[in-house]
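See below for entry_4.txt, which holds compact mmCIF, C-alpha atoms.
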# COMPACT_ATOMS: atom_id res chain seq x y z
CA MET A 1 20.33 -16.01 -11.51
CA LEU A 2 22.13 -13.22 -9.62
CA ARG A 3 20.35 -13.73 -6.30
CA ASP A 4 21.48 -17.36 -6.12
CA LYS A 5 25.12 -16.23 -6.22
CA ALA A 6 24.70 -13.61 -3.48
CA LYS A 7 25.07 -13.94 0.28
CA LEU A 8 23.06 -12.15 2.97
CA TYR A 9 24.90 -9.12 4.37
CA ILE A 10 22.22 -7.01 6.12
CA SER A 11 18.74 -8.40 6.74
CA SER A 12 15.53 -6.46 6.15
CA ASP A 13 14.90 -6.62 9.92
CA GLU A 14 18.24 -4.93 10.63
CA ILE A 15 17.52 -2.31 7.94
CA GLU A 16 14.19 -1.52 9.62
CA LYS A 17 15.94 -1.02 12.98
CA ILE A 18 18.51 1.28 11.34
CA CYS A 19 15.74 3.37 9.73
CA ALA A 20 13.88 3.66 13.02
CA ALA A 21 16.98 4.76 14.95
CA LEU A 22 18.01 7.29 12.29
CA GLY A 23 14.47 8.66 12.00
CA LYS A 24 14.26 9.17 15.76
CA LYS A 25 17.64 10.96 15.89
CA ILE A 26 16.77 13.18 12.91
CA SER A 27 13.40 14.05 14.51
CA VAL A 28 15.14 15.19 17.69
CA ASP A 29 17.92 17.09 15.91
CA TYR A 30 15.57 18.94 13.54
CA ARG A 31 12.70 19.77 15.87
CA ASN A 32 11.62 23.38 15.35
CA LYS A 33 13.44 23.53 12.00
CA ASP A 34 12.27 23.68 8.40
CA LEU A 35 13.51 20.23 7.33
CA PHE A 36 13.94 19.68 3.60
CA LEU A 37 14.91 16.17 2.49
CA VAL A 38 16.74 15.48 -0.75
CA CYS A 39 16.62 11.89 -2.02
CA ILE A 40 19.31 10.79 -4.44
CA LEU A 41 17.66 8.61 -7.07
CA LYS A 42 17.53 5.75 -7.86
CA GLY A 43 19.44 3.85 -5.20
CA SER A 44 18.23 5.77 -2.16
CA LEU A 45 14.52 5.54 -2.92
CA LEU A 46 13.72 2.52 -0.72
CA PHE A 47 15.82 3.80 2.18
CA PHE A 48 14.28 7.26 1.79
CA ALA A 49 10.72 5.87 1.84
CA ASP A 50 11.35 3.78 4.95
CA LEU A 51 13.35 6.49 6.74
CA ILE A 52 10.77 9.27 6.33
CA ARG A 53 8.11 7.07 7.94
CA HIS A 54 10.22 7.27 11.11
CA ILE A 55 10.66 11.04 11.05
CA SER A 56 7.99 12.56 13.28
CA LEU A 57 8.25 16.07 11.82
CA PRO A 58 6.57 17.73 8.86
CA VAL A 59 9.08 17.64 6.01
CA LYS A 60 9.40 18.91 2.49
CA MET A 61 11.13 16.72 -0.03
CA ASP A 62 12.56 16.67 -3.51
CA PHE A 63 14.65 14.36 -5.65
CA VAL A 64 17.89 14.55 -7.59
CA ARG A 65 19.32 12.00 -9.95
CA LEU A 66 23.02 11.82 -10.56
CA SER A 67 25.20 9.48 -12.55
CA SER A 68 28.75 8.33 -11.87
CA TYR A 69 28.64 4.56 -12.32
CA GLY A 70 26.92 3.76 -15.60
CA ASP A 71 26.89 -0.03 -15.94
CA GLU A 72 30.10 -0.57 -14.00
CA THR A 73 30.67 -1.69 -10.41
CA GLY A 74 33.08 1.18 -9.74
CA SER A 75 32.62 4.92 -9.99
CA SER A 76 33.83 6.59 -13.16
CA GLY A 77 34.80 9.63 -11.07
CA THR A 78 32.75 11.93 -13.31
CA VAL A 79 29.43 12.99 -11.81
CA ARG A 80 26.64 14.55 -13.81
CA ILE A 81 23.17 15.78 -12.90
CA ILE A 82 20.36 13.97 -14.69
CA LYS A 83 17.52 15.50 -12.62
CA ASP A 84 18.01 18.56 -10.41
CA LEU A 85 15.82 19.86 -7.58
CA SER A 86 12.52 21.40 -8.65
CA GLN A 87 12.16 23.52 -5.47
CA SER A 88 14.31 26.16 -3.84
CA ILE A 89 16.35 25.14 -0.80
CA ARG A 90 17.45 28.68 0.02
CA GLU A 91 17.53 29.19 3.82
CA LYS A 92 16.16 25.68 4.47
CA ASP A 93 17.71 22.98 6.63
CA VAL A 94 18.62 20.39 4.00
CA LEU A 95 19.33 16.74 4.69
CA VAL A 96 20.60 14.70 1.74
CA ILE A 97 19.55 11.03 1.87
CA GLU A 98 22.01 8.61 0.24
CA ASP A 99 22.08 4.83 0.02
CA ILE A 100 25.85 4.35 0.24
CA LEU A 101 28.77 6.66 0.83
CA ASP A 102 31.60 5.01 -1.09
CA THR A 103 34.31 7.06 -2.83
CA GLY A 104 32.62 10.30 -1.83
CA ASN A 105 32.80 11.66 -5.38
CA THR A 106 29.03 11.83 -5.88
CA LEU A 107 28.25 13.38 -2.50
CA ASP A 108 31.15 15.84 -2.74
CA PHE A 109 29.79 17.00 -6.09
CA LEU A 110 26.20 17.20 -4.84
CA VAL A 111 27.02 18.99 -1.58
CA ASN A 112 29.00 21.64 -3.49
CA HIS A 113 26.16 21.98 -5.99
CA LEU A 114 23.49 22.34 -3.28
CA ALA A 115 25.60 24.70 -1.16
CA SER A 116 25.55 27.21 -4.02
CA SER A 117 21.79 27.57 -3.37
CA LYS A 118 22.51 28.95 0.12
CA PRO A 119 20.61 26.55 2.42
CA ALA A 120 20.50 27.36 6.15
CA SER A 121 22.26 24.05 6.79
CA LEU A 122 23.31 21.08 4.69
CA LYS A 123 23.91 17.61 6.13
CA ILE A 124 24.15 14.03 4.88
CA CYS A 125 22.37 10.87 5.99
CA THR A 126 23.57 7.60 4.51
CA LEU A 127 22.36 4.07 5.07
CA LEU A 128 25.79 2.57 4.44
CA ASP A 129 29.29 4.00 4.72
CA LYS A 130 32.28 2.34 3.10
CA PRO A 131 35.20 4.50 4.34
CA SER A 132 37.92 2.20 2.99
CA ARG A 133 37.13 3.43 -0.55
CA ARG A 134 36.93 7.16 0.21
CA GLN A 135 38.61 9.45 -2.34
CA ARG A 136 37.01 12.72 -1.17
CA PRO A 137 36.84 14.00 2.42
CA VAL A 138 33.07 13.48 2.81
CA ILE A 139 31.67 12.50 6.19
CA ALA A 140 28.03 11.60 6.81
CA ASP A 141 26.30 13.38 9.68
CA TYR A 142 23.99 10.37 10.09
CA CYS A 143 25.17 6.87 9.26
CA GLY A 144 23.16 3.68 9.48
CA LYS A 145 26.03 1.20 9.26
CA THR A 146 29.71 1.21 8.35
CA ILE A 147 30.57 -1.69 6.08
CA GLU A 148 33.69 -3.32 4.73
CA ASP A 149 34.72 -3.14 1.08
CA LYS A 150 32.16 -5.48 -0.47
CA PHE A 151 30.04 -4.88 -3.55
CA VAL A 152 26.50 -4.85 -2.18
CA VAL A 153 23.11 -5.03 -3.88
CA GLY A 154 19.48 -5.00 -2.84
CA TYR A 155 17.31 -2.50 -0.99
CA GLY A 156 17.80 0.01 -3.80
CA LEU A 157 21.44 -0.81 -4.51
CA ASP A 158 21.96 -2.27 -7.96
CA TYR A 159 24.22 -4.16 -10.29
CA GLN A 160 23.59 -2.97 -13.86
CA GLU A 161 20.13 -1.69 -12.78
CA LYS A 162 19.18 -5.12 -11.39
CA CYS A 163 18.69 -6.36 -7.81
CA ARG A 164 17.28 -3.07 -6.42
CA ASN A 165 14.04 -4.81 -5.42
CA TYR A 166 15.57 -7.25 -2.93
CA SER A 167 14.43 -6.51 0.63
CA ASP A 168 17.78 -7.51 2.16
CA ILE A 169 21.25 -6.21 1.30
CA LEU A 170 23.38 -8.92 -0.26
CA PHE A 171 26.98 -9.22 -1.40
CA PHE A 172 28.67 -11.33 -4.02
CA PRO A 173 31.59 -13.48 -2.85
CA GLU A 174 34.73 -12.72 -4.84
CA ASN A 175 34.72 -16.07 -6.64
CA THR A 176 31.32 -15.42 -8.24
Spit out the file's structure as C-alpha cells when you get a sec.
Amino acid sequence: MLRDKAKLYISSDEIEKICAALGKKISVDYRNKDLFLVCILKGSLLFFADLIRHISLPVKMDFVRLSSYGDETGSSGTVRIIKDLSQSIREKDVLVIEDILDTGNTLDFLVNHLASSKPASLKICTLLDKPSRRQRPVIADYCGKTIEDKFVVGYGLDYQEKCRNYSDILFFPENT
C-alpha cells in the first residue's frame, strides 16, 4: 500500500494554518476589488476549497484543467488545456490557485494564456513552492510553504491519480 511507504511532511493542522493565513492576506489585498479565482484542477481542488473558506470577500470562481505530467512523477514539459475557463476574466482581478509550483512550466503556460484575455491583474497563489526545480521564471505572489525537492502526495497531490484524498502531505523516501 502506498501510504505505508510514505512519511509525514506537512500535517493537516499545518495546512489549515497556511490556508487561514493566506486567506486573511488575500482578503486584505483584494478588498474593494472584483476578485476572480481560478482553480487548477485536479490537484488544487482541496487547497482551493479550504482557502476560499478563509477569504472574507465575495468572489467569483472558475476552473481550468491542464496536463503536463500524465502518469509520470516529472513534468513532460508540454502543457495542454483539457478544460478552459467558462467565464470571461476581462478587466477582473484574477488570482490563480495552484497546489505546487515546481518547474514553472504549467503556470508559465497558464499565465500567458490567461493574460491574453486582458484581466485587470493576474497573480498566483500556491500552497507549495519547490524553487530548486524551477525551469521557468515564475514567482508566486502568495506562497504557503517553500519545500525541498521531494516528491509529495496527499491533499490533492497525486501519484498516478492516487493519494489525492490523504488529509496530510506525505513524501516517499528515496529507497521506496
Within 12 Å of (16.0, 7.0, -7.6), in the coordinates the file gives, what residues turn up when you count only C-alpha atoms, written out as a list of chain:residue names?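 Every residue inside that radius is included here: A:Val38, A:Cys39, A:Ile40, A:Leu41, A:Lys42, A:Gly43, A:Ser44, A:Leu45, A:Leu46, A:Phe47, A:Phe48, A:Ala49, A:Asp62, A:Phe63, A:Val64, A:Arg65, A:Leu66, A:Ser67, A:Ile82, A:Lys83, A:Ile97, A:Glu98, A:Asp99, A:Tyr155, A:Gly156, A:Leu157, A:Asp158, A:Glu161, A:Arg164.
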Could you state the separation of atom CA of A:Asp129 and atom CA of A:Phe151 in Å, given to one decimal place?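 Interatomic distance, atom CA of A:Asp129 to atom CA of A:Phe151: 12.2 Å.
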Work out how far apart atom CA of A:Thr106 and atom CA of A:Arg136 are and give it in Å to one decimal. 9.3 Å
Return the single residue from A:Val153, A:Gln160, A:Asp141, A:Asn165 that is closest to A:Leu8, with distances computed using all atoms listed in the file.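 Going through A:Val153, A:Gln160, A:Asp141, A:Asn165 one by one, the smallest distance to A:Leu8 is for A:Val153.
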Could you check the closest approach to A:Arg134 for each of A:Leu22, A:Leu110, A:Tyr30, A:Asp149 and tell me which residue wins, using all atoms listed in the file? A:Asp149
Identify, on the basis of only C-alpha atoms, every residue whose closest approach to stretch 9-11 of chain A does not exceed 12 Å; exclude the query and any residue fewer than 3 positions from it along the same chain; express the result as a ChimeraX atom specification. /A:6,14-18,127-128,144-155,166-173
Under the rule that all atoms listed in the file are counted, which of A:Thr103, A:Asp50, A:Val79, A:Pro119 is the nearest residue to A:Ser12? A:Asp50
Could you state the separation of atom CA of A:Ser132 and atom CA of A:Leu37 in Å, given to one decimal place?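 Between atom CA of A:Ser132 and atom CA of A:Leu37 the gap works out to 26.9 Å.
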With distances taken over all atoms listed in the file, which residue among A:Lys162, A:Ala140, A:Arg80, A:Ser121 lies nearest A:Val94?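 Nearest candidate to A:Val94 out of A:Lys162, A:Ala140, A:Arg80, A:Ser121: A:Ser121.
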Would you kindly return, as a VMD selection string, each protein, DNA or RNA residue with an atom no farther than 9 Å from any atom of A:Gly104, considering all atoms listed in the file and excluding same-chain residues fewer than 5 positions away? chain A and resid 109 131 133 to 139
Best match for closeness to A:Ser27 among A:Ser117, A:Ser56, A:Thr78, A:Asn112, counting all atoms listed in the file: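 Of the candidates, the smallest distance to A:Ser27 is held by A:Ser56.
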Let me have the centre and edge lengths in Å, one decimal, of the box along x, y and z around every listed atom of stretch 77-94 of chain A with 5 Å of margin on each side, as AutoDock Vina command-line options.
--center_x 23.5 --center_y 19.4 --center_z -4.0 --size_x 32.6 --size_y 29.6 --size_z 31.3
For A:Arg90, the closest of A:Arg31, A:Phe36, A:His54, A:Asp108 counting all atoms listed in the file is A:Phe36
What lies within 10 Å of A:Ile55 using only C-alpha atoms, ignoring chain neighbours under 4 positions off, as a PyMOL selection string? chain A and resi 19-28+30+50-51+59
